[in-house]
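Just below is one structure, and these are the notes that go with it.
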Amino acid sequence: MKRSRLVRLAVAAAAVTGLVLSGCGDTDPQPPGGSNGSINVLSVGNPPMQDLKKLTKKYFTAETGIEVNYTLLPENDVRRRMDREFARQGGHYDVASVSAYEVPIYSDRGWLAPLDSYVRADKDFDQADIFPNLVASLTGADGRLYAQPFYGEGSFLAFRKDLFRQVGLSMPANPTWEQVASLAARIDGTDGTSGICLRGLPGWGQNLTPINTVVNTFGGAWYDMEWNARLTSPEFRDAVRFYVDLVREHGQPNAHRMGFLEVLDAFVAGKCAMWYDATVLASSVEADGSSVKGKVGYVPAPHDRTEKAGWLWTWAWGIQQASDNKDAAWEFISWASSKEYQELVGQEVGWTAAPAGNRKSLYANPEYQQAAGAWYRQEYTAATDSADPKNPGVGPRPYPGIGFVGIPEFAVLGTAVSEQIAAAIAGKQSVDMALAKSQDLAQAAAAKYRGE
């Protein structure tokens, strides 16, 4: 695979009113120090990153001579490590898998290196091929680009076509959440499956991501335009109660302990009749070895009061400003986020495993269209026509974000609220109690925005 030569060119302090990034004195083990011949990469350990790690030495290192030392961690763990690392600017990690949430915050604080000059110099990269909405989400307030998407994702509802036929049910082309709840009740227990599987594990990037899409489409919001918390409003309460009741009544056992990877495993193992989650995970559903391969249908994210309800997300590669190996780091990014890498995965692993949702060209590729025929149209639609990140609900709000609240405080606030909701899913407290506690946390978090 042809690659360009190495280009040579001369949270947040996430705080909830008085809380600062925790663990500043910790002693996390660090990888070996990078050099011009090696870089250290910190990443969430999702399946596409696992494939990347397996292919790096044979294809990237063999051609460039650059060794890549990976640290792959579960999402909650990688966020904690990344927040501490970037806040310190210690330079231990040259590259990290940042998201649409971190990029505006990290870039505003000077923690990420801008990539514009690299993009201009590396003509083989084809920046114009990246979906514009992802480029916008990875652009700082100064108008400069700070990360490149490894893959993008929206959300959709997957369902077992074989089980639906077995019990005589049909899935609407554009289902509402009420329709989904009714279907879950009717199909629950068929062949030992749960009616629907949903994330319940605490974490602002775990259970709160899907819950926020339900809140948005039910008409709820975290704050009104004066930054008063709205977590006990009827719309917010109805949305969370709906989600908690659905997963408690027709969801998988121990849902409060299950994040997206655990729920994915359950669906692939044939334990779920329906599943609402990220479009990128469809490749695992249709992979060889999946017990449900070829048995699954896909429809848009369920909605209620809005026409669209799916989230927009990307895991992207950013370079730490303190890195001494920025050129080598860019060479890695330009390979890992390239059209050529997608083709490599298609050939070596299978087209269903190609990191998707980031480049237009993938969806024009006949081989990908054939391999991903069950879901690629929904995936493409999610990548290009998701809910509006600036206005995903039914009324104005003072913050951006679909599956998250785009303020630095949300890294701590969201996790605290997610823990309260997980306790409700576990049956340890009522939804009203969980939201009453969460309302106080959210009100305190926004005090500075109210001028207090």
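Chain labels follow the order of the structure tokens: the first chain is A, the next B, and so on; residue numbering restarts at 1 in every chain, and ligands are counted from 1 in their shown order.
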* Name the residues in contact with Asp304 (chain A) at a cut-off of 7 Å, using only C-alpha atoms, excluding same-chain residues fewer than 2 positions from it; report them as a list in words. => Thr176, Trp177, Thr217, Phe218 and Thr306 of chain A
Applying 10 Å and only C-alpha atoms, which residues near region 134-140 of chain A remain after dropping the ones on its own chain fewer than 4 positions away? List them as a CSV table (one decimal) with C-alpha atoms, in the first residue's frame.
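See selection_29.csv below for the written result:
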```
chain,number,residue,atom,x,y,z
A,98,VAL,CA,-10.2,12.2,21.3
A,99,SER,CA,-13.9,12.8,20.5
A,100,ALA,CA,-16.2,15.6,19.4
A,101,TYR,CA,-16.6,16.4,23.1
A,102,GLU,CA,-12.9,16.8,24.0
A,103,VAL,CA,-11.7,18.6,20.9
A,104,PRO,CA,-13.4,22.0,21.6
A,105,ILE,CA,-12.3,21.9,25.2
A,106,TYR,CA,-8.8,20.7,24.7
A,107,SER,CA,-8.1,23.0,21.8
A,108,ASP,CA,-9.3,26.0,23.7
A,112,LEU,CA,-4.0,19.8,21.1
A,114,PRO,CA,-3.4,22.1,15.2
A,115,LEU,CA,-3.3,19.8,12.1
A,127,GLN,CA,-9.3,16.0,3.4
A,128,ALA,CA,-12.2,16.8,1.1
A,130,ILE,CA,-14.1,13.5,5.1
A,144,ARG,CA,-8.3,25.4,13.0
A,145,LEU,CA,-8.5,21.6,12.7
A,146,TYR,CA,-7.4,19.6,15.7
A,147,ALA,CA,-8.2,16.0,15.0
A,148,GLN,CA,-8.9,13.5,12.2
A,149,PRO,CA,-11.8,11.0,12.5
A,151,TYR,CA,-14.5,6.5,12.4
A,152,GLY,CA,-17.8,8.3,12.8
A,153,GLU,CA,-21.1,7.0,14.1
A,312,LEU,CA,-23.5,12.1,16.0
A,313,TRP,CA,-20.1,11.0,17.3
A,314,THR,CA,-16.6,10.3,16.2
A,315,TRP,CA,-13.5,8.8,17.7
A,316,ALA,CA,-10.7,10.8,16.2
A,317,TRP,CA,-6.9,11.1,16.4
A,318,GLY,CA,-5.4,14.2,18.0
A,357,GLY,CA,-18.8,6.9,9.0
A,358,ASN,CA,-15.9,9.2,8.3
A,359,ARG,CA,-15.2,9.2,4.5
A,383,ALA,CA,-23.4,10.1,9.2
A,384,THR,CA,-24.9,12.8,7.0
A,389,PRO,CA,-25.9,19.0,17.5
A,401,GLY,CA,-24.4,18.4,21.9
```
* To do: Could you tell me which of A:Gly195, A:Gly310, A:Pro202, A:Pro302 comes closest to Lys271 (chain A) if we count only C-alpha atoms?
  =>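 Of all the options, A:Gly195 lies closest to Lys271 (chain A).
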* **Counting only C-alpha atoms, the option among A:Lys54, A:Lys123, A:Arg160, A:Arg79 closest to Ser194 (chain A)** =>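 Closest residue, counting only C-alpha atoms: A:Arg160.
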* To do: Work out how far apart CA of Ala447 (chain A) and CA of Trp311 (chain A) are and give it in Å to one decimal.
  =>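 Atom-to-atom, CA of Ala447 (chain A) to CA of Trp311 (chain A), that is 27.3 Å.
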* Using only C-alpha atoms, which of the listed residues (A:Ala87, A:Leu183, A:Ala328, A:Ala353) sits closest to Gln50 (chain A)? ->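 For Gln50 (chain A), the nearest of the candidates is A:Ala353.
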* To do: Taking the chain letters and numbering used in this document, name the residues of region 359-434 of chain A that DSSP puts in helix (DSSP H, G or I), as an MDAnalysis selection string.
  => chainID A and resid 360:364 366:371 376:384 410:425 431:434
* Shell around Lys360 (chain A) at 8 Å using only C-alpha atoms, local window under 4 positions removed, as a PyMOL selection string -> chain A and resi 129-131+364
* Where does DSSP see strand (DSSP E or B) in region 74-165 of chain A, if you list the residues as a list in words? ->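 The strand (DSSP E or B) subset of region 74-165 of chain A is Val95, Ala96, Ser97, Val98, Ser99, Leu112, Ile130, Thr139, Leu145, Gln148, Pro149, Phe150, Tyr151, Gly152, Glu153, Ser155, Phe156, Leu157, Ala158, Phe159 and Arg160 of chain A.
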How about saving the chosen residues, C-alpha atoms kept, as a compact mmCIF listing (two decimals), in the first residue's frame?
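Heads up, here's the output in out22.txt:
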```txt
# COMPACT_ATOMS: atom_id res chain seq x y z
CA VAL A 95 -1.56 10.63 19.98
CA ALA A 96 -4.90 10.03 21.70
CA SER A 97 -8.37 9.04 20.57
CA VAL A 98 -10.23 12.25 21.30
CA SER A 99 -13.89 12.81 20.53
CA LEU A 112 -3.96 19.79 21.14
CA ILE A 130 -14.11 13.52 5.14
CA THR A 139 -12.57 22.21 14.49
CA LEU A 145 -8.55 21.59 12.68
CA GLN A 148 -8.92 13.51 12.21
CA PRO A 149 -11.77 11.01 12.49
CA PHE A 150 -10.82 7.35 12.67
CA TYR A 151 -14.47 6.49 12.37
CA GLY A 152 -17.77 8.27 12.78
CA GLU A 153 -21.06 6.99 14.05
CA SER A 155 -27.20 5.56 16.30
CA PHE A 156 -29.85 3.17 15.06
CA LEU A 157 -32.12 0.38 16.19
CA ALA A 158 -31.12 -3.18 15.31
CA PHE A 159 -33.69 -5.96 15.46
CA ARG A 160 -33.79 -9.71 14.91
```
* Do you have the CA of Phe236 (chain A)-CA of Val215 (chain A) distance handy? ->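 Computed distance, CA of Phe236 (chain A) to CA of Val215 (chain A), equals 5.6 Å.
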